[in-house]
Amino acid sequence: MPRGKSSSGGSLFYRRKHSWRRDELVSRSTLHLLDFDDGTPPEHAWRRKLSSHANRLKEFNVTFREAFKMMKLGLRLWSYVREEASQGRKAPIDPFTRESTKPSASQGVPLGGMGTGSISRGFRGEFKHWQITPGLCDMSPVMENQFSIFITREGGTKKYSSVLAPGQHDGLKKSSDDGISSWDWKLRGDRSTYHALFPRAWTVYDGEPDPELKLSCRQISPFIPHNYEESSLPVSVFVYTLVNTGKERAKVSLVMTWANSIGGLSHQSGGHVNEPFIGENGISGVLLHHKTANNNPPVTFAVAALENQNVDVTVLPIFGLSGESSVTAKEMWGTMVQGGCFDRDNFNAGPSMPSSVGDTVCAAVSASTWVEPHGRCTVVFSLAWSSPEVKFKKGSTYHRRYTKFYGTSPRSAINLAQDALMKYKHWEEEIDKWQTPILRDERFPEWYKITLFNELYFLVAGGTVWIDSDLSSSLPEDSDLPLHNSTCNSTVPLIGSSPPDFDDKENVGKFLYLEGVEYFMWCTYDVHFYASFALLDLFPKIELSIQRDFARAVLREDRTRVRFLADGTWGTRKVIGAVPHDLGAHDPWHELNAYNIHDTSRWKDLNPKFVLQVYRDFAATDDMSFGRDVWPAVCTAMEYIEQFDRDGDCMIENDGFPDQTYDAWTVLGVSAYCGCLWLAALQAAAAMARSLGHDDYADRCMVKFAKAKHVFEAKLWNGSYFNYDSGTSYSSRSIQADQLAGQWYTASSGLPPLFDEDRIKCTLQKIFDYNVMRVKGGRIGAVNGMHPNGKVDETCMQSREIWTGVTYSLAATMLLHGMEDQAFTTAQGIFLAGWSEEGYGYWFQTPEAWTIDGHYRSLIYMRPLAIWAMQHALSPPRAILEAPKVNTMERAYVSPGALQFLQDSVRKITPKSGCF
């Protein structure tokens, strides 16, 4: 059955109603009035009233039994966290330190491009979740950062002034306050709505605060697929569309206020300087030079507005929050209420004196215009930040990607702000070209379209770093050598020949993104396995760059001794042939494997996942150069993992501890998850070998595949699904939601199925019936483990969780096998629980997991990007669709040389018996 069509031949979801309607929240007349200069929000968008309650989120708790089992791990982890803190570093996993501000359901579309350092903006207008410095994240809003409006009707009989955000915030409206509590926080928000379709957002003020003024604020950031220049820019634009429905002219002044802060208490560290500027093309504003603490690189903000014949721009370069300031926040507000603008002489003020420790310094940029009766007008602001350096605690300092185009001067923030105001319309045209075909595709339910784009928030807000520096400048003189061995003060030779140079072949720089803001590890590979579909589809050169980084890492070794916290044993940081868990934390690319709970060189899923991702990317891009570059690493990874075939039956076995991405869920013997990945990796390696002309290697892989498949099915197939593992534990017969992960990649890569189609569909239907529909009626996603008696597997924390990214990947697998209704019902559970108004409030902060009662674990997490695997299934890359369908089993006969490795492959790593 063709992908995308139901058995009746019609649209998949002709029966499904739309999830949202614009005119349910915004009147049709207002939508019509704002329908110029793109002021009207799109038909398909995530929506909230500004008056919506932002409830506190509930974090998960471990059970007493789980706490008891993890007691020793907890003590070791506590000691490790304290040790890292004493060195001024953040531990990769720190469950003991909590944010001062409890997370709430208030997130919105983040600002800026990828890898620039990020600032999020809540749906009610607050600027929050600051991640300018890699690894440092402050969730609390900086309440001085606001847009405000001042309106005077001709004749002065009617005046309105208000911050354009609801005033229900802690610390506001104190008596005798010279700070922001003295401002007019009059917006109720019940007539104002937020509309989000990443990378844009619209806020419509339908008669607030002036009943005769319709107002739309459009937030735009340059996230443009396949554009590797503008997508790296640290800038956002705010376009205000004004419509006067009254009978009098209205003078409207919009003010953007900004604190010299990068979140938290950074504004109090002192040494900050504000400076007005007049740029080109009518663009002017204020520079805010921020001196960071702890020797971190400085940051400079540019707040600017566009002046033209209809709009006048004035600035107040500096104001404070106390009576000791030369101009207070209260006085600033009074000036705007009185005259609607600032003194133009302020542009001549020059740089301010550096701020004192404990003081908060802010700036304001005003844009004023007259709007005729029944007239319309547009006012545009931009925000840019120049943070050219990325400095890692134990490693090198690099330049961000945008500096390739704008240089490293702090004053480049002016050029960024100017170009944003000149180019934002072009950005929107490119964004529309990308999004419109999907938004207009009537096969897809509306919630899917909305969530598909909005889950991409993570590529900005997920702690991303995009650098331009060539890594070879940071490596030892002979860059082909492995990491320096700090234990024995010598370097370790590589196996076989030196690895090829993987550094920036596509000239797109180097890219890092965190596993999650609570798990400080760059490019965690077992999770990238799920998330990488988004990068492959939208920024394939970045995806290939990351794969080259891991291919290089496979061929390297670091003999530094590391203590593994789960059992307290000591081992080697990075073993040759093992795919690293991550690219590090405080010295990425150089010091690998920041994760130290378990010894990941013994994990069974990382190496097959590497081979599967490499082949999928190779097949999707048809990039032969990439295939040749990474082939030695593929051979090495395959040979390394073979040592875990303990009994010589060609099927790998798990070792009775959580040796996989489910790192709290013990596995013993042959497992559905890792075994299926291994089968898929054998087939993928064979297909890649044939494409590169290595037929002997392909034959060898397929002989192993045939034997391993027989073992896998004989030990795990029970007539309706594959058992969790071949052991005898309480979980061994559990129905694992992720048991067909290998088949997911096989189908995604255009390879023949691993099992009979009937078996695959039977398994998927079993998972749907039990893991999905028996949990809250399918309205919460797929639980990881379910017993065949219909009860959730409570063996451990992870078996009883719903993993958002796994649910999306399961839905993608269903799509690939013609089970469209089940697929979208499964994935819709994540929308209903995480994104809908009736859900738990996880929008723009989708967590790794939640429990059946909605308690989250690890907000703002990488894996939910797996929703793009669904889009990959619905619209496969042309290279995969058009590739000749070759049955990899056709050459399964063992030729005399098939059991020998290729002459140009790497030699054997270490005897199996002595590996550990």
# chains A, B, ... in the order shown; residues from 1 in each chain; ligands from 1
>>> residues_around(residues="region 765-777 of chain A", least_positions_apart="5", cutoff="10 Å", atoms="only C-alpha atoms", output="ChimeraX atom specification")
/A:720-721,735-739,759-760,782-792,802,807,810-811,814,819,822-823,825-827,829,852-853
>>> select_by_dssp(residues="region 310-550 of chain A", states="helix (DSSP H, G or I)", output="ChimeraX atom specification")
/A:329-339,344-348,403-406,412-439,446-461,471-474,525-538,540-550
>>> closest_residue(among="A:Ile149, A:Ala461, A:Val243, A:Val562", to="Arg121 (chain A)", atoms="only C-alpha atoms")
A:Ala461
>>> residues_around(residues="Val670 (chain A)", least_positions_apart="5", cutoff="7 Å", atoms="only C-alpha atoms", output="short mmCIF file (atom, residue, chain, number, x, y, z; two decimals) with C-alpha atoms, in the first residue's frame")
data_model
loop_
_atom_site.label_atom_id
_atom_site.label_comp_id
_atom_site.auth_asym_id
_atom_site.auth_seq_id
_atom_site.Cartn_x
_atom_site.Cartn_y
_atom_site.Cartn_z
CA ILE A 652 25.20 -10.45 20.35
CA GLU A 653 24.12 -10.79 23.98
CA ASN A 654 23.51 -8.27 26.75
CA GLY A 675 19.42 -7.67 18.96
CA ASP A 725 15.12 -10.41 26.49
CA SER A 726 15.90 -14.11 26.69
#
>>> select_by_dssp(residues="region 583-740 of chain A", states="strand (DSSP E)", output="PyMOL selection string")
chain A and resi 654-657+667-669+735-736
>>> residues_around(residues="region 603-608 of chain A", least_positions_apart="4", cutoff="9 Å", atoms="only C-alpha atoms", output="count of residues only")
35
>>> closest_residue(among="A:Ser269, A:Gln146, A:Gln845, A:Ser355", to="Leu859 (chain A)", atoms="only C-alpha atoms")
A:Gln845
>>> residues_around(residues="region 531-541 of chain A", least_positions_apart="3", cutoff="6 Å", atoms="only C-alpha atoms", output="PDB file with N, CA, C and O atoms, in the first residue's frame")
ATOM      1  N   PRO A 225      15.931  26.143   6.680  1.00  0.00           N
ATOM      2  CA  PRO A 225      16.560  24.892   6.264  1.00  0.00           C
ATOM      3  C   PRO A 225      17.458  25.061   5.040  1.00  0.00           C
ATOM      4  O   PRO A 225      17.144  25.818   4.112  1.00  0.00           O
ATOM      5  N   HIS A 226      18.608  24.385   5.089  1.00  0.00           N
ATOM      6  CA  HIS A 226      19.612  24.359   4.021  1.00  0.00           C
ATOM      7  C   HIS A 226      20.322  25.702   3.842  1.00  0.00           C
ATOM      8  O   HIS A 226      21.112  25.855   2.915  1.00  0.00           O
ATOM      9  N   HIS A 528      20.821  10.925  19.795  1.00  0.00           N
ATOM     10  CA  HIS A 528      20.923  11.470  18.431  1.00  0.00           C
ATOM     11  C   HIS A 528      20.338  10.483  17.423  1.00  0.00           C
ATOM     12  O   HIS A 528      19.795  10.889  16.386  1.00  0.00           O
ATOM     13  N   LEU A 544      25.929  15.204   8.463  1.00  0.00           N
ATOM     14  CA  LEU A 544      27.120  14.485   8.000  1.00  0.00           C
ATOM     15  C   LEU A 544      28.358  14.908   8.784  1.00  0.00           C
ATOM     16  O   LEU A 544      29.241  14.083   9.052  1.00  0.00           O
ATOM     17  N   ARG A 863      15.504  13.981  22.323  1.00  0.00           N
ATOM     18  CA  ARG A 863      14.889  12.860  21.617  1.00  0.00           C
ATOM     19  C   ARG A 863      13.552  13.176  20.932  1.00  0.00           C
ATOM     20  O   ARG A 863      13.238  12.581  19.901  1.00  0.00           O
ATOM     21  N   LEU A 865      12.777  15.326  18.945  1.00  0.00           N
ATOM     22  CA  LEU A 865      12.969  15.681  17.545  1.00  0.00           C
ATOM     23  C   LEU A 865      12.662  14.499  16.623  1.00  0.00           C
ATOM     24  O   LEU A 865      12.565  14.662  15.400  1.00  0.00           O
ATOM     25  N   ALA A 866      12.480  13.326  17.202  1.00  0.00           N
ATOM     26  CA  ALA A 866      12.141  12.133  16.424  1.00  0.00           C
ATOM     27  C   ALA A 866      10.823  12.263  15.697  1.00  0.00           C
ATOM     28  O   ALA A 866      10.509  11.428  14.838  1.00  0.00           O
ATOM     29  N   TRP A 868      10.393  14.122  13.444  1.00  0.00           N
ATOM     30  CA  TRP A 868      10.809  14.265  12.049  1.00  0.00           C
ATOM     31  C   TRP A 868      11.084  12.916  11.390  1.00  0.00           C
ATOM     32  O   TRP A 868      11.176  12.850  10.156  1.00  0.00           O
ATOM     33  N   ALA A 869      11.187  11.864  12.181  1.00  0.00           N
ATOM     34  CA  ALA A 869      11.231  10.520  11.592  1.00  0.00           C
ATOM     35  C   ALA A 869       9.885  10.180  10.970  1.00  0.00           C
ATOM     36  O   ALA A 869       9.815   9.428   9.985  1.00  0.00           O
TER      37      ALA A 869
END
>>> closest_residue(among="A:Ala364, A:Val109, A:Val235, A:Leu565", to="Leu75 (chain A)", atoms="only C-alpha atoms")
A:Leu565
>>> atom_distance(atom1="CA of Tyr595 (chain A)", atom2="CA of Arg556 (chain A)")
17.2 Å
>>> atom_distance(atom1="CA of His855 (chain A)", atom2="CA of Lys58 (chain A)")
5.0 Å
>>> atom_distance(atom1="CA of Phe381 (chain A)", atom2="CA of Thr369 (chain A)")
13.5 Å
>>> decode(residues="region 195-208 of chain A", atoms="all heavy atoms", output="PDB file, in the first residue's frame")
ATOM      1  N   HIS A 195       0.255  32.859  19.114  1.00  0.00           N
ATOM      2  CA  HIS A 195       0.178  31.872  18.037  1.00  0.00           C
ATOM      3  C   HIS A 195       1.618  31.486  17.672  1.00  0.00           C
ATOM      4  O   HIS A 195       2.422  32.364  17.328  1.00  0.00           O
ATOM      5  CB  HIS A 195      -0.521  32.445  16.806  1.00  0.00           C
ATOM      6  CG  HIS A 195      -1.826  33.113  17.112  1.00  0.00           C
ATOM      7  ND1 HIS A 195      -3.043  32.617  16.698  1.00  0.00           N
ATOM      8  CD2 HIS A 195      -2.115  34.265  17.785  1.00  0.00           C
ATOM      9  CE1 HIS A 195      -4.015  33.418  17.112  1.00  0.00           C
ATOM     10  NE2 HIS A 195      -3.470  34.425  17.778  1.00  0.00           N
ATOM     11  N   ALA A 196       1.935  30.215  17.714  1.00  0.00           N
ATOM     12  CA  ALA A 196       3.321  29.779  17.513  1.00  0.00           C
ATOM     13  C   ALA A 196       3.423  28.761  16.397  1.00  0.00           C
ATOM     14  O   ALA A 196       2.694  27.758  16.376  1.00  0.00           O
ATOM     15  CB  ALA A 196       3.874  29.182  18.806  1.00  0.00           C
ATOM     16  N   LEU A 197       4.297  29.034  15.474  1.00  0.00           N
ATOM     17  CA  LEU A 197       4.688  28.069  14.454  1.00  0.00           C
ATOM     18  C   LEU A 197       6.172  28.301  14.212  1.00  0.00           C
ATOM     19  O   LEU A 197       6.558  29.148  13.415  1.00  0.00           O
ATOM     20  CB  LEU A 197       3.875  28.245  13.173  1.00  0.00           C
ATOM     21  CG  LEU A 197       4.016  27.109  12.168  1.00  0.00           C
ATOM     22  CD1 LEU A 197       3.382  25.830  12.712  1.00  0.00           C
ATOM     23  CD2 LEU A 197       3.374  27.469  10.832  1.00  0.00           C
ATOM     24  N   PHE A 198       6.990  27.583  14.939  1.00  0.00           N
ATOM     25  CA  PHE A 198       8.436  27.791  14.904  1.00  0.00           C
ATOM     26  C   PHE A 198       8.923  27.846  13.458  1.00  0.00           C
ATOM     27  O   PHE A 198       8.516  27.035  12.633  1.00  0.00           O
ATOM     28  CB  PHE A 198       9.130  26.637  15.644  1.00  0.00           C
ATOM     29  CG  PHE A 198      10.628  26.755  15.654  1.00  0.00           C
ATOM     30  CD1 PHE A 198      11.257  27.450  16.664  1.00  0.00           C
ATOM     31  CD2 PHE A 198      11.399  26.194  14.657  1.00  0.00           C
ATOM     32  CE1 PHE A 198      12.639  27.571  16.670  1.00  0.00           C
ATOM     33  CE2 PHE A 198      12.775  26.311  14.651  1.00  0.00           C
ATOM     34  CZ  PHE A 198      13.393  27.001  15.661  1.00  0.00           C
ATOM     35  N   PRO A 199       9.797  28.821  13.133  1.00  0.00           N
ATOM     36  CA  PRO A 199      10.531  29.740  14.019  1.00  0.00           C
ATOM     37  C   PRO A 199       9.863  31.108  14.205  1.00  0.00           C
ATOM     38  O   PRO A 199      10.555  32.071  14.542  1.00  0.00           O
ATOM     39  CB  PRO A 199      11.852  29.889  13.279  1.00  0.00           C
ATOM     40  CG  PRO A 199      11.450  29.844  11.827  1.00  0.00           C
ATOM     41  CD  PRO A 199      10.320  28.861  11.757  1.00  0.00           C
ATOM     42  N   ARG A 200       8.542  31.177  13.980  1.00  0.00           N
ATOM     43  CA  ARG A 200       7.845  32.446  14.146  1.00  0.00           C
ATOM     44  C   ARG A 200       6.767  32.327  15.218  1.00  0.00           C
ATOM     45  O   ARG A 200       6.305  31.241  15.539  1.00  0.00           O
ATOM     46  CB  ARG A 200       7.211  32.880  12.816  1.00  0.00           C
ATOM     47  CG  ARG A 200       8.228  33.266  11.760  1.00  0.00           C
ATOM     48  CD  ARG A 200       7.562  33.711  10.470  1.00  0.00           C
ATOM     49  NE  ARG A 200       6.930  32.618   9.762  1.00  0.00           N
ATOM     50  CZ  ARG A 200       6.265  32.758   8.613  1.00  0.00           C
ATOM     51  NH1 ARG A 200       6.141  33.960   8.071  1.00  0.00           N
ATOM     52  NH2 ARG A 200       5.719  31.711   8.022  1.00  0.00           N
ATOM     53  N   ALA A 201       6.367  33.483  15.738  1.00  0.00           N
ATOM     54  CA  ALA A 201       5.266  33.542  16.694  1.00  0.00           C
ATOM     55  C   ALA A 201       4.535  34.866  16.496  1.00  0.00           C
ATOM     56  O   ALA A 201       5.147  35.878  16.139  1.00  0.00           O
ATOM     57  CB  ALA A 201       5.770  33.416  18.125  1.00  0.00           C
ATOM     58  N   TRP A 202       3.228  34.847  16.720  1.00  0.00           N
ATOM     59  CA  TRP A 202       2.397  36.035  16.605  1.00  0.00           C
ATOM     60  C   TRP A 202       1.675  36.249  17.934  1.00  0.00           C
ATOM     61  O   TRP A 202       1.144  35.295  18.509  1.00  0.00           O
ATOM     62  CB  TRP A 202       1.331  35.873  15.527  1.00  0.00           C
ATOM     63  CG  TRP A 202       1.812  35.817  14.116  1.00  0.00           C
ATOM     64  CD1 TRP A 202       1.668  36.792  13.171  1.00  0.00           C
ATOM     65  CD2 TRP A 202       2.464  34.726  13.442  1.00  0.00           C
ATOM     66  NE1 TRP A 202       2.200  36.389  11.959  1.00  0.00           N
ATOM     67  CE2 TRP A 202       2.701  35.114  12.109  1.00  0.00           C
ATOM     68  CE3 TRP A 202       2.899  33.466  13.843  1.00  0.00           C
ATOM     69  CZ2 TRP A 202       3.324  34.292  11.176  1.00  0.00           C
ATOM     70  CZ3 TRP A 202       3.526  32.635  12.931  1.00  0.00           C
ATOM     71  CH2 TRP A 202       3.735  33.052  11.619  1.00  0.00           C
ATOM     72  N   THR A 203       1.641  37.482  18.406  1.00  0.00           N
ATOM     73  CA  THR A 203       0.799  37.831  19.549  1.00  0.00           C
ATOM     74  C   THR A 203      -0.192  38.887  19.075  1.00  0.00           C
ATOM     75  O   THR A 203       0.209  39.951  18.590  1.00  0.00           O
ATOM     76  CB  THR A 203       1.625  38.383  20.721  1.00  0.00           C
ATOM     77  OG1 THR A 203       2.661  37.450  21.057  1.00  0.00           O
ATOM     78  CG2 THR A 203       0.731  38.576  21.940  1.00  0.00           C
ATOM     79  N   VAL A 204      -1.481  38.575  19.187  1.00  0.00           N
ATOM     80  CA  VAL A 204      -2.533  39.476  18.727  1.00  0.00           C
ATOM     81  C   VAL A 204      -3.213  40.087  19.947  1.00  0.00           C
ATOM     82  O   VAL A 204      -3.719  39.365  20.820  1.00  0.00           O
ATOM     83  CB  VAL A 204      -3.563  38.737  17.857  1.00  0.00           C
ATOM     84  CG1 VAL A 204      -4.704  39.674  17.471  1.00  0.00           C
ATOM     85  CG2 VAL A 204      -2.892  38.172  16.605  1.00  0.00           C
ATOM     86  N   TYR A 205      -3.197  41.416  20.005  1.00  0.00           N
ATOM     87  CA  TYR A 205      -3.861  42.176  21.075  1.00  0.00           C
ATOM     88  C   TYR A 205      -5.146  42.756  20.474  1.00  0.00           C
ATOM     89  O   TYR A 205      -5.119  43.759  19.757  1.00  0.00           O
ATOM     90  CB  TYR A 205      -2.945  43.278  21.601  1.00  0.00           C
ATOM     91  CG  TYR A 205      -1.586  42.783  22.043  1.00  0.00           C
ATOM     92  CD1 TYR A 205      -0.525  42.696  21.133  1.00  0.00           C
ATOM     93  CD2 TYR A 205      -1.361  42.388  23.365  1.00  0.00           C
ATOM     94  CE1 TYR A 205       0.721  42.244  21.530  1.00  0.00           C
ATOM     95  CE2 TYR A 205      -0.110  41.933  23.769  1.00  0.00           C
ATOM     96  CZ  TYR A 205       0.922  41.859  22.841  1.00  0.00           C
ATOM     97  OH  TYR A 205       2.160  41.403  23.237  1.00  0.00           O
ATOM     98  N   ASP A 206      -6.256  42.111  20.739  1.00  0.00           N
ATOM     99  CA  ASP A 206      -7.526  42.450  20.102  1.00  0.00           C
ATOM    100  C   ASP A 206      -8.270  43.501  20.936  1.00  0.00           C
ATOM    101  O   ASP A 206      -9.258  43.223  21.611  1.00  0.00           O
ATOM    102  CB  ASP A 206      -8.371  41.188  19.959  1.00  0.00           C
ATOM    103  CG  ASP A 206      -9.574  41.392  19.047  1.00  0.00           C
ATOM    104  OD1 ASP A 206      -9.743  42.512  18.546  1.00  0.00           O
ATOM    105  OD2 ASP A 206     -10.330  40.419  18.842  1.00  0.00           O
ATOM    106  N   GLY A 207      -7.728  44.743  20.894  1.00  0.00           N
ATOM    107  CA  GLY A 207      -8.365  45.808  21.652  1.00  0.00           C
ATOM    108  C   GLY A 207      -7.841  45.955  23.057  1.00  0.00           C
ATOM    109  O   GLY A 207      -8.490  46.558  23.920  1.00  0.00           O
ATOM    110  N   GLU A 208      -6.647  45.433  23.340  1.00  0.00           N
ATOM    111  CA  GLU A 208      -5.983  45.665  24.628  1.00  0.00           C
ATOM    112  C   GLU A 208      -4.693  46.424  24.362  1.00  0.00           C
ATOM    113  O   GLU A 208      -3.912  45.998  23.500  1.00  0.00           O
ATOM    114  CB  GLU A 208      -5.637  44.334  25.304  1.00  0.00           C
ATOM    115  CG  GLU A 208      -6.797  43.584  25.927  1.00  0.00           C
ATOM    116  CD  GLU A 208      -6.310  42.457  26.822  1.00  0.00           C
ATOM    117  OE1 GLU A 208      -5.919  41.400  26.291  1.00  0.00           O
ATOM    118  OE2 GLU A 208      -6.294  42.637  28.049  1.00  0.00           O
TER     119      GLU A 208
END
